[in-house]
file upload.txt (compact mmCIF, C-alpha atoms)
# COMPACT_ATOMS: atom_id res chain seq x y z
CA MET A 82 51.53 -103.42 58.68
CA PRO A 83 54.51 -102.99 56.33
CA GLY A 84 57.68 -102.11 58.24
CA PHE A 85 56.12 -102.98 61.60
CA TRP A 86 59.15 -104.52 63.31
CA PRO A 87 61.63 -101.66 62.69
CA ILE A 88 59.04 -99.19 63.95
CA ALA A 89 58.22 -101.32 67.00
CA ILE A 90 61.90 -101.79 67.93
CA THR A 91 62.57 -98.07 67.53
CA GLY A 92 59.48 -97.29 69.58
CA MET A 93 60.59 -99.47 72.50
CA ALA A 94 64.14 -98.10 72.35
CA SER A 95 62.79 -94.53 72.43
CA LYS A 96 60.94 -95.16 75.70
CA LEU A 97 63.56 -96.95 77.80
CA ALA A 98 65.86 -93.95 78.35
CA PRO A 99 63.07 -91.54 79.47
CA GLY A 100 61.91 -94.23 81.89
CA MET A 101 65.37 -94.27 83.49
CA VAL A 102 66.14 -90.54 83.72
CA GLY A 103 64.25 -89.63 86.91
CA LEU A 104 65.62 -92.39 89.11
CA SER A 105 69.10 -92.09 87.57
CA LEU A 106 69.31 -88.40 88.55
CA LEU A 107 67.83 -89.10 91.97
CA LEU A 108 70.31 -91.88 92.79
CA LEU A 109 73.38 -90.03 91.51
CA ILE A 110 72.78 -86.57 93.00
CA SER A 111 71.53 -87.86 96.36
CA ARG A 112 74.95 -89.47 96.90
CA HIS A 113 76.59 -86.04 97.03
CA HIS A 114 73.77 -83.69 98.01
CA SER A 115 70.55 -83.79 100.01
CA PHE A 116 67.62 -85.88 98.84
CA GLY A 117 65.65 -82.65 98.44
CA THR A 118 68.26 -81.29 96.04
CA ALA A 119 68.13 -84.54 94.07
CA GLY A 120 64.35 -84.32 93.85
CA LEU A 121 64.60 -80.70 92.75
CA ALA A 122 66.99 -81.74 89.97
CA VAL A 123 64.43 -84.27 88.72
CA SER A 124 61.81 -81.50 88.75
CA CYS A 125 64.13 -79.17 86.83
CA ALA A 126 64.63 -81.82 84.16
CA ALA A 127 60.87 -82.28 83.85
CA ILE A 128 60.27 -78.51 83.68
CA GLY A 129 62.94 -78.10 81.02
CA GLN A 130 61.43 -80.91 78.97
CA GLY A 131 57.84 -79.76 79.32
CA ALA A 132 58.55 -76.10 78.63
CA THR A 133 60.45 -76.78 75.39
CA ALA A 134 58.67 -79.87 74.04
CA PRO A 135 56.28 -77.92 71.74
CA LEU A 136 59.20 -75.92 70.32
CA ARG A 137 61.20 -79.08 69.60
CA GLY A 138 58.11 -80.65 68.05
CA ARG A 139 57.63 -77.59 65.85
CA LEU A 140 61.27 -77.78 64.70
CA VAL A 141 60.79 -81.46 63.79
CA ASP A 142 57.67 -80.63 61.76
CA ARG A 143 59.27 -77.70 59.91
CA TYR A 144 62.85 -78.81 59.25
CA PRO A 145 64.71 -82.00 58.23
CA ARG A 146 64.72 -84.46 61.10
CA ARG A 147 68.38 -85.44 61.04
CA PRO A 148 69.94 -82.04 61.98
CA VAL A 149 67.21 -81.33 64.56
CA LEU A 150 67.61 -84.71 66.26
CA LEU A 151 71.40 -84.67 66.12
CA GLY A 152 71.49 -81.10 67.47
CA CYS A 153 69.26 -82.08 70.39
CA LEU A 154 71.35 -85.21 71.00
CA ALA A 155 74.58 -83.18 71.09
CA GLY A 156 73.16 -80.82 73.70
CA TYR A 157 71.69 -83.70 75.71
CA VAL A 158 74.89 -85.75 75.83
CA THR A 159 76.95 -82.65 76.65
CA ALA A 160 74.64 -81.79 79.57
CA ILE A 161 74.92 -85.36 80.92
CA ALA A 162 78.72 -85.32 80.61
CA LEU A 163 79.00 -81.99 82.43
CA LEU A 164 76.60 -83.14 85.13
CA LEU A 165 78.74 -86.22 85.76
CA VAL A 166 81.80 -83.97 86.05
CA VAL A 167 80.29 -81.49 88.56
CA ARG A 168 78.24 -83.99 90.54
CA GLY A 169 80.41 -83.72 93.67
CA ASP A 170 80.03 -81.49 96.69
CA GLY A 171 79.49 -77.83 95.96
CA PRO A 172 76.64 -75.42 95.22
CA PRO A 173 73.63 -77.21 93.73
CA LEU A 174 72.85 -74.49 91.15
CA PRO A 175 75.11 -75.96 88.40
CA LEU A 176 73.51 -79.38 88.86
CA LEU A 177 70.01 -77.97 88.71
CA THR A 178 70.87 -75.92 85.63
CA LEU A 179 72.36 -78.92 83.84
CA ALA A 180 69.33 -81.05 84.75
CA ALA A 181 67.08 -78.39 83.18
CA VAL A 182 69.29 -78.32 80.07
CA MET A 183 69.02 -82.12 79.87
CA GLY A 184 65.25 -81.84 79.78
CA ALA A 185 65.26 -78.92 77.34
CA THR A 186 67.54 -80.70 74.84
CA SER A 187 66.09 -84.21 75.15
CA PRO A 188 65.68 -85.55 71.59
CA PRO A 189 61.91 -85.88 70.95
CA VAL A 190 62.16 -89.49 69.77
CA ALA A 191 59.28 -90.84 71.86
CA VAL A 192 57.03 -87.98 70.71
CA MET A 193 58.03 -88.54 67.09
CA MET A 194 57.13 -92.22 67.33
CA ARG A 195 53.49 -91.28 67.82
CA SER A 196 53.48 -89.24 64.62
CA ILE A 197 55.25 -92.11 62.82
CA TRP A 198 52.59 -94.58 63.97
CA HIS A 199 49.96 -92.07 62.89
CA GLN A 200 51.44 -91.90 59.38
CA ALA A 201 52.42 -95.55 58.91
CA ALA A 202 49.30 -97.29 60.28
CA GLY A 203 46.15 -97.37 58.21
CA GLU A 204 42.76 -96.23 59.39
CA ARG A 205 41.88 -99.76 60.52
CA THR A 206 45.08 -100.40 62.49
CA LEU A 207 45.91 -96.98 63.96
CA GLY A 208 44.01 -97.63 67.19
CA THR A 209 45.87 -100.91 67.62
CA ALA A 210 49.22 -99.23 66.90
CA MET A 211 48.63 -96.47 69.44
CA ALA A 212 47.48 -99.03 72.01
CA LEU A 213 50.74 -100.91 71.46
CA ASP A 214 52.70 -97.65 71.84
CA SER A 215 50.91 -97.03 75.13
CA ALA A 216 51.68 -100.57 76.31
CA MET A 217 55.36 -100.00 75.46
CA THR A 218 55.32 -96.83 77.54
CA GLY A 219 53.88 -98.73 80.49
CA ALA A 220 56.46 -101.48 80.12
CA ALA A 221 59.29 -98.92 79.94
CA LEU A 222 58.07 -97.27 83.14
CA VAL A 223 58.53 -100.63 84.87
CA ILE A 224 61.75 -101.79 83.17
CA GLY A 225 63.50 -98.39 83.08
CA PRO A 226 63.62 -97.65 86.83
CA ALA A 227 64.48 -101.28 87.60
CA LEU A 228 67.39 -101.15 85.15
CA ALA A 229 68.58 -97.79 86.52
CA GLY A 230 68.50 -99.08 90.09
CA TRP A 231 70.37 -102.26 89.21
CA LEU A 232 73.08 -100.40 87.28
CA SER A 233 73.56 -97.91 90.12
CA VAL A 234 73.96 -100.62 92.77
CA SER A 235 75.73 -103.35 90.80
CA VAL A 236 77.90 -101.44 88.32
CA SER A 237 78.49 -97.78 89.20
CA PRO A 238 76.53 -94.69 90.29
CA LEU A 239 77.52 -93.20 86.92
CA ALA A 240 76.30 -96.17 84.91
CA PRO A 241 72.57 -95.28 84.74
CA LEU A 242 73.14 -91.87 83.14
CA LEU A 243 75.77 -93.32 80.79
CA ALA A 244 73.18 -95.93 79.78
CA VAL A 245 70.59 -93.15 79.27
CA ALA A 246 72.98 -91.32 76.93
CA SER A 247 73.77 -94.52 75.00
CA LEU A 248 70.13 -95.59 74.69
CA THR A 249 69.10 -92.11 73.56
CA ALA A 250 71.83 -92.05 70.91
CA GLY A 251 70.74 -95.49 69.71
CA ALA A 252 67.10 -94.43 69.54
CA VAL A 253 68.03 -91.31 67.55
CA TRP A 254 70.05 -93.42 65.10
CA LEU A 255 67.18 -95.91 64.66
CA LEU A 256 64.73 -93.06 64.10
CA VAL A 257 66.94 -91.31 61.55
CA VAL A 258 67.27 -94.47 59.41
CA LEU A 259 63.57 -95.36 59.56
CA PRO A 260 62.17 -95.16 56.02
CA THR A 261 58.75 -94.22 57.39
CA THR A 262 59.97 -91.09 59.17
CA PRO A 263 57.62 -88.32 57.98
CA HIS A 264 59.05 -85.45 55.98
CA PRO A 265 58.66 -81.83 57.05
CA VAL A 266 55.74 -79.91 55.60
CA GLU A 267 56.37 -76.45 54.18
CA HIS A 268 54.27 -73.84 55.98
CA GLN A 269 53.06 -70.60 54.54
CA ARG A 270 54.47 -67.39 55.96
CA GLY A 271 52.92 -66.56 59.32
CA GLN A 272 51.62 -70.08 60.00
CA GLY A 273 54.64 -71.37 61.90
CA HIS A 274 54.44 -69.09 64.91
CA GLY A 275 52.05 -68.13 67.67
CA LEU A 276 49.67 -70.68 69.12
CA GLY A 277 50.08 -73.19 66.29
CA PRO A 278 47.86 -76.23 66.97
CA LEU A 279 46.34 -74.51 70.03
CA ARG A 280 44.17 -72.43 67.71
CA ASN A 281 42.07 -75.58 67.31
CA ALA A 282 39.33 -75.42 69.99
CA PRO A 283 38.60 -79.20 70.11
CA LEU A 284 42.33 -79.82 70.54
CA ARG A 285 42.45 -77.39 73.47
CA GLN A 286 39.58 -79.30 75.06
CA LEU A 287 41.43 -82.56 74.46
CA LEU A 288 44.54 -81.14 76.16
CA ALA A 289 42.45 -80.08 79.15
CA ALA A 290 40.95 -83.57 79.41
CA ASP A 291 44.43 -85.08 79.16
CA ALA A 292 45.72 -82.83 81.95
CA LEU A 293 42.88 -83.86 84.27
CA PHE A 294 43.35 -87.53 83.40
CA VAL A 295 47.10 -87.47 84.09
CA CYS A 296 46.41 -85.56 87.31
CA ALA A 297 44.14 -88.40 88.45
CA VAL A 298 46.59 -91.15 87.42
CA THR A 299 49.46 -89.41 89.22
CA GLY A 300 47.22 -89.06 92.24
CA MET A 301 46.88 -92.83 92.41
CA ASP A 302 50.66 -93.25 92.06
CA VAL A 303 51.28 -90.81 94.93
CA VAL A 304 48.54 -91.96 97.29
CA LEU A 305 49.01 -95.74 97.09
CA PRO A 306 52.47 -95.70 98.78
CA LYS A 307 50.99 -93.40 101.45
CA TYR A 308 48.17 -95.89 101.97
CA ALA A 309 50.65 -98.75 102.35
CA GLN A 310 52.59 -96.71 104.92
CA GLU A 311 49.45 -95.92 106.92
CA HIS A 312 48.52 -99.61 107.11
CA GLY A 313 51.96 -100.98 107.98
CA ALA A 314 52.50 -102.52 104.56
CA VAL A 315 55.35 -100.39 103.19
CA ALA A 316 56.83 -103.47 101.50
CA LEU A 317 53.72 -103.61 99.28
CA SER A 318 54.23 -100.09 97.88
CA GLY A 319 56.17 -101.21 94.82
CA TRP A 320 53.85 -104.15 94.25
CA LEU A 321 50.79 -101.89 94.29
CA LEU A 322 52.25 -99.57 91.66
CA GLY A 323 53.52 -102.53 89.64
CA ALA A 324 50.06 -104.13 89.67
CA LEU A 325 48.56 -100.84 88.51
CA SER A 326 51.06 -100.70 85.62
CA LEU A 327 50.40 -104.34 84.77
CA GLY A 328 46.70 -103.62 84.44
CA SER A 329 47.47 -100.63 82.22
CA VAL A 330 49.66 -102.70 79.87
CA LEU A 331 47.15 -105.55 79.68
CA GLY A 332 44.31 -103.11 79.06
CA SER A 333 46.23 -101.47 76.21
CA LEU A 334 46.98 -104.81 74.57
CA ALA A 335 43.40 -105.97 75.02
CA LEU A 336 41.99 -102.82 73.41
CA GLY A 337 44.39 -103.14 70.50
CA GLY A 338 43.59 -106.80 69.94
CA VAL A 339 39.78 -106.80 69.95
CA SER A 340 37.20 -105.57 67.50
CA VAL A 341 35.58 -102.36 68.67
CA PRO A 342 31.78 -102.13 68.45
CA ALA A 343 30.44 -99.90 65.71
CA ALA A 344 29.12 -97.45 68.29
CA LEU A 345 32.70 -96.80 69.37
CA SER A 346 34.37 -97.03 65.98
CA GLY A 347 35.00 -93.28 65.92
CA ARG A 348 38.29 -92.96 67.77
CA GLY A 349 37.31 -89.72 69.48
CA ARG A 350 34.20 -91.42 70.86
CA ARG A 351 36.35 -93.86 72.81
CA ILE A 352 37.74 -91.14 75.07
CA PRO A 353 34.71 -90.58 77.33
CA VAL A 354 34.02 -94.34 77.45
CA LEU A 355 37.59 -95.21 78.44
CA LEU A 356 37.73 -92.37 80.97
CA CYS A 357 34.50 -93.74 82.42
CA VAL A 358 36.16 -97.18 82.70
CA PHE A 359 39.11 -95.58 84.46
CA ALA A 360 36.81 -93.68 86.84
CA ALA A 361 34.99 -96.92 87.68
CA GLY A 362 38.28 -98.69 88.40
CA ALA A 363 39.45 -95.79 90.58
CA ALA A 364 36.14 -95.91 92.48
CA ALA A 365 36.59 -99.65 93.04
CA LEU A 366 40.08 -98.98 94.39
CA ALA A 367 38.76 -96.27 96.70
CA CYS A 368 36.30 -98.84 98.10
CA ALA A 369 38.98 -101.53 98.42
CA VAL A 370 41.14 -99.39 100.72
CA ARG A 371 38.41 -99.77 103.35
CA LEU A 372 39.18 -103.51 103.48
CA SER A 373 42.88 -104.47 103.50
CA PRO A 374 46.14 -103.86 101.60
CA TRP A 375 45.94 -107.33 100.06
CA VAL A 376 42.49 -106.58 98.63
CA VAL A 377 43.89 -103.33 97.24
CA LEU A 378 46.71 -105.30 95.58
CA LEU A 379 44.13 -107.53 93.88
CA VAL A 380 42.06 -104.56 92.71
CA CYS A 381 45.01 -102.51 91.39
CA PRO A 382 45.21 -104.35 88.03
CA VAL A 383 41.48 -103.75 87.55
CA ALA A 384 41.92 -100.06 88.42
CA GLY A 385 44.72 -99.81 85.87
CA LEU A 386 42.89 -101.43 82.95
CA GLY A 387 41.65 -98.15 81.49
CA ILE A 388 44.86 -96.13 81.96
CA GLY A 389 46.92 -97.21 78.97
CA SER A 390 43.86 -97.42 76.72
CA ALA A 391 42.80 -93.89 77.60
CA PHE A 392 46.34 -92.62 76.96
CA ALA A 393 46.24 -94.30 73.53
CA ALA A 394 42.83 -92.85 72.66
CA LEU A 395 43.86 -89.34 73.70
CA ARG A 396 46.97 -89.48 71.53
CA THR A 397 45.19 -91.00 68.56
CA THR A 398 42.54 -88.31 68.66
CA GLY A 399 45.26 -85.69 69.16
CA GLY A 400 46.82 -86.85 65.90
CA ASP A 401 43.43 -86.65 64.19
CA LEU A 402 42.91 -83.10 65.45
CA ALA A 403 46.42 -81.95 64.56
CA PRO A 404 46.62 -79.42 61.71
CA GLU A 405 48.34 -80.59 58.55
CA GLY A 406 52.09 -80.88 59.09
CA ARG A 407 51.87 -80.32 62.87
CA VAL A 408 51.38 -83.84 64.22
CA THR A 409 54.71 -83.93 66.08
CA GLU A 410 54.14 -80.49 67.62
CA THR A 411 50.66 -81.57 68.69
CA MET A 412 52.03 -84.73 70.31
CA ALA A 413 54.64 -82.57 72.03
CA TRP A 414 51.89 -80.40 73.48
CA LEU A 415 50.27 -83.55 74.84
CA ASN A 416 53.61 -84.49 76.39
CA SER A 417 53.94 -81.07 78.04
CA VAL A 418 50.40 -81.29 79.35
CA ASP A 419 51.21 -84.75 80.76
CA LEU A 420 54.09 -83.25 82.75
CA ALA A 421 51.99 -80.32 83.96
CA GLY A 422 49.07 -82.55 84.95
CA GLY A 423 51.42 -84.95 86.69
CA ALA A 424 53.06 -82.14 88.68
CA LEU A 425 49.66 -80.80 89.71
CA GLY A 426 48.39 -84.25 90.65
CA ALA A 427 51.47 -85.06 92.73
CA ALA A 428 51.20 -81.81 94.68
CA VAL A 429 47.42 -81.81 95.24
CA PHE A 430 46.94 -85.47 96.08
CA ALA A 431 50.02 -85.61 98.32
CA TRP A 432 48.66 -82.62 100.27
CA VAL A 433 45.18 -84.16 100.58
CA ALA A 434 46.63 -87.53 101.64
CA ALA A 435 48.78 -85.85 104.31
CA ALA A 436 45.91 -83.68 105.58
CA ALA A 437 42.94 -86.06 105.37
CA GLY A 438 44.39 -89.54 104.82
CA SER A 439 44.93 -91.74 101.81
CA GLY A 440 41.34 -93.00 101.75
CA THR A 441 39.96 -89.50 101.27
CA ALA A 442 42.58 -88.72 98.63
CA LEU A 443 41.70 -91.83 96.63
CA LEU A 444 38.02 -90.83 96.70
CA LEU A 445 38.99 -87.70 94.77
CA VAL A 446 40.58 -89.70 91.93
CA PRO A 447 37.29 -90.83 90.30
CA VAL A 448 35.94 -87.28 90.74
CA VAL A 449 38.84 -85.85 88.71
CA ALA A 450 38.47 -88.71 86.20
CA VAL A 451 34.79 -87.85 85.69
CA ALA A 452 35.75 -84.20 85.17
CA ALA A 453 38.21 -85.34 82.48
CA MET A 454 35.44 -87.39 80.87
CA VAL A 455 33.10 -84.37 80.76
CA VAL A 456 35.78 -82.13 79.26
CA GLY A 457 36.88 -84.82 76.79
CA TRP A 458 33.35 -85.39 75.54
CA SER A 459 33.40 -82.15 73.55
CA ALA A 460 36.61 -83.25 71.79
CA ARG A 461 35.25 -86.64 70.78
CA THR A 462 34.72 -85.85 67.09
CA PRO A 463 37.99 -85.75 65.15
CA LYS A 464 38.59 -82.84 62.80
CA ARG A 465 39.58 -85.15 59.97
call {"tool": "encode", "arguments": {"input": "upload.txt", "output": "structure tokens"}}
result
Amino acid sequence: MPGFWPIAITGMASKLAPGMVGLSLLLLISRHHSFGTAGLAVSCAAIGQGATAPLRGRLVDRYPRRPVLLGCLAGYVTAIALLLVVRGDGPPLPLLTLAAVMGATSPPVAVMMRSIWHQAAGERTLGTAMALDSAMTGAALVIGPALAGWLSVSVSPLAPLLAVASLTAGAVWLLVVLPTTPHPVEHQRGQGHGLGPLRNAPLRQLLAADALFVCAVTGMDVVLPKYAQEHGAVALSGWLLGALSLGSVLGSLALGGVSVPAALSGRGRRIPVLLCVFAAGAAALACAVRLSPWVVLLVCPVAGLGIGSAFAALRTTGGDLAPEGRVTETMAWLNSVDLAGGALGAAVFAWVAAAAGSGTALLLVPVVAVAAMVVGWSARTPKR
């Protein structure tokens, strides 16, 4: 694809900083306040980001990218700087407010990358491009927290957030100079407000399927450490989640690198198939927990194979269903739904695991995945 390497480098840079933010806030604030306050700050950042993502996506679609991105970056860096200043002992409200402002002003570079792939890749290579984007996201979720933890311990507690600010600024600069950055589309009066892309019924169904899917994936992330704790294998917790992520990355790369059968050539038709693959892997994991933690470790990559591929298919179809000139806003809605589904999954599955055990909680994961498959089936045919 022409211009592949600049887009790929920008895409990877755009994902590293978001992968570091949660742990960076947790490590810094927990040094001066309770762990609960630190966790609440991470939640505030996620709420701020999810609540404003569609608005920032709409601004990117309607106005020149440079002032929108630079305005977001200015607010983001200012919030980080102020948070570093007021991090010490005192009332937690200023910290929580600044964390929410961080999320609300986060430059939408990672979201924009999906619309850039959607514009730059041809019909034949778009599925591969989105699979690669999903694999990059999975890799960033492994590398980002590891880098944040190392910087906090080896350099300074302030270093992770300083690195987040620097990486975000670099990603914004790379995105601004990309020649393939899409130009805003002029909307007719009255078309830029209200529900926007949500007026599209198949897109609403796709968002519902995405929320259920992310809920199930987050459930696995929450329950596996609980399972390791119940079976005296706490040291395996990180390895279990890492193996799950490894399977997700490998699955994304495999899907992008193979020829898809004609029966699945319609990108929307891949969604129920890939969600079925994910449900089967989750069911295999639920069976493996009846054996031993080491068997679970071996099954985790298999359980993760469909995760990244399903993410890629959902986003590709979301781009297909997006109204003209609203691709970035549509991708932002997917991002907000990811955060909402993740929050719901973390709460529900943690409660079930605490009340009925990790084995019972893992049995619910394929059930939720099948529900996502049923809902996603009606959104399988792209609008265009």
call {"tool": "closest_residue", "arguments": {"input": "upload.txt", "among": "A:Val190, A:Leu356, A:Ala202, A:Val418", "to": "Leu151 in chain A", "atoms": "all atoms listed in the file"}}
result
A:Val190
call {"tool": "closest_atom_pairs", "arguments": {"input": "upload.txt", "of": "range 235-328 of chain A", "to": "range 374-389 of chain A", "cutoff": "10 Å", "atoms": "only C-alpha atoms", "output": "Markdown table"}}
result
| residue | atom | partner | partner_atom | distance |
| --- | --- | --- | --- | --- |
| A:Phe294 | CA | A:Ile388 | CA | 8.8 |
| A:Val295 | CA | A:Ile388 | CA | 9.2 |
| A:Val298 | CA | A:Ile388 | CA | 7.6 |
| A:Met301 | CA | A:Ala384 | CA | 9.6 |
| A:Leu305 | CA | A:Val377 | CA | 9.2 |
| A:Tyr308 | CA | A:Pro374 | CA | 8.2 |
| A:Ala309 | CA | A:Pro374 | CA | 6.9 |
| A:His312 | CA | A:Pro374 | CA | 7.4 |
| A:Gly313 | CA | A:Pro374 | CA | 9.1 |
| A:Ala314 | CA | A:Pro374 | CA | 7.1 |
| A:Val315 | CA | A:Pro374 | CA | 10.0 |
| A:Leu317 | CA | A:Pro374 | CA | 7.9 |
| A:Ser318 | CA | A:Leu378 | CA | 9.4 |
| A:Trp320 | CA | A:Leu378 | CA | 7.4 |
| A:Leu321 | CA | A:Leu378 | CA | 5.5 |
| A:Leu322 | CA | A:Cys381 | CA | 7.8 |
| A:Gly323 | CA | A:Pro382 | CA | 8.7 |
| A:Ala324 | CA | A:Pro382 | CA | 5.1 |
| A:Leu325 | CA | A:Gly385 | CA | 4.8 |
| A:Ser326 | CA | A:Gly385 | CA | 6.4 |
| A:Leu327 | CA | A:Pro382 | CA | 6.1 |
| A:Gly328 | CA | A:Pro382 | CA | 4.0 |
call {"tool": "closest_residue", "arguments": {"input": "upload.txt", "among": "A:Val451, A:Asp170, A:Ser124, A:Ala316", "to": "Gly362 in chain A", "atoms": "all atoms listed in the file"}}
result
A:Val451
call {"tool": "residues_near_point", "arguments": {"input": "upload.txt", "point": "(51.3, -96.1, 76.1)", "cutoff": "8 Å", "atoms": "all atoms listed in the file", "output": "PyMOL selection string"}}
result
chain A and resi 211-219+330+333+389-390+392-393
call {"tool": "atom_distance", "arguments": {"input": "upload.txt", "atom1": "CA of Ala450 in chain A", "atom2": "CA of Met412 in chain A"}}
result
21.3 Å
call {"tool": "closest_residue", "arguments": {"input": "upload.txt", "among": "A:Leu415, A:Ala181, A:Ala297, A:Ala289", "to": "Leu445 in chain A", "atoms": "only C-alpha atoms"}}
result
A:Ala297
call {"tool": "closest_residue", "arguments": {"input": "upload.txt", "among": "A:Ile161, A:Ala394, A:Leu443, A:Leu243", "to": "Cys368 in chain A", "atoms": "all atoms listed in the file"}}
result
A:Leu443
call {"tool": "closest_residue", "arguments": {"input": "upload.txt", "among": "A:Leu334, A:Ile128, A:Ala134, A:Leu228", "to": "Ala240 in chain A", "atoms": "only C-alpha atoms"}}
result
A:Leu228
call {"tool": "residues_around", "arguments": {"input": "upload.txt", "residues": "Ala185 in chain A", "least_positions_apart": "5", "cutoff": "9 Å", "atoms": "all atoms listed in the file", "output": "short mmCIF file (atom, residue, chain, number, x, y, z; two decimals) with C-alpha atoms, in the frame of the given file"}}
result
data_model
loop_
_atom_site.label_atom_id
_atom_site.label_comp_id
_atom_site.auth_asym_id
_atom_site.auth_seq_id
_atom_site.Cartn_x
_atom_site.Cartn_y
_atom_site.Cartn_z
CA ALA A 126 64.63 -81.82 84.16
CA ALA A 127 60.87 -82.28 83.85
CA ILE A 128 60.27 -78.51 83.68
CA GLY A 129 62.94 -78.10 81.02
CA GLN A 130 61.43 -80.91 78.97
CA GLY A 131 57.84 -79.76 79.32
CA ALA A 132 58.55 -76.10 78.63
CA THR A 133 60.45 -76.78 75.39
CA ALA A 134 58.67 -79.87 74.04
CA ARG A 137 61.20 -79.08 69.60
CA CYS A 153 69.26 -82.08 70.39
CA GLY A 156 73.16 -80.82 73.70
CA TYR A 157 71.69 -83.70 75.71
CA ALA A 180 69.33 -81.05 84.75
#
call {"tool": "closest_residue", "arguments": {"input": "upload.txt", "among": "A:Arg147, A:His114, A:Arg351, A:Arg195", "to": "Leu177 in chain A", "atoms": "all atoms listed in the file"}}
result
A:His114
call {"tool": "atom_distance", "arguments": {"input": "upload.txt", "atom1": "CA of Ala292 in chain A", "atom2": "CA of Asp419 in chain A"}}
result
5.9 Å
call {"tool": "residues_around", "arguments": {"input": "upload.txt", "residues": "Ala98 in chain A", "least_positions_apart": "4", "cutoff": "7 Å", "atoms": "only C-alpha atoms", "output": "VMD selection string"}}
result
chain A and resid 102 225 245 248 to 249
call {"tool": "atom_distance", "arguments": {"input": "upload.txt", "atom1": "CA of Arg371 in chain A", "atom2": "CA of Asp302 in chain A"}}
result
17.9 Å
call {"tool": "residues_around", "arguments": {"input": "upload.txt", "residues": "Asn281 in chain A", "least_positions_apart": "3", "cutoff": "9 Å", "atoms": "all atoms listed in the file", "output": "number ranges by chain"}}
result
A: 277-278, 284-286, 402-404
call {"tool": "residues_around", "arguments": {"input": "upload.txt", "residues": "Pro87 in chain A", "least_positions_apart": "3", "cutoff": "9 Å", "atoms": "all atoms listed in the file", "output": "PyMOL selection string"}}
result
chain A and resi 84+90-92+255+259
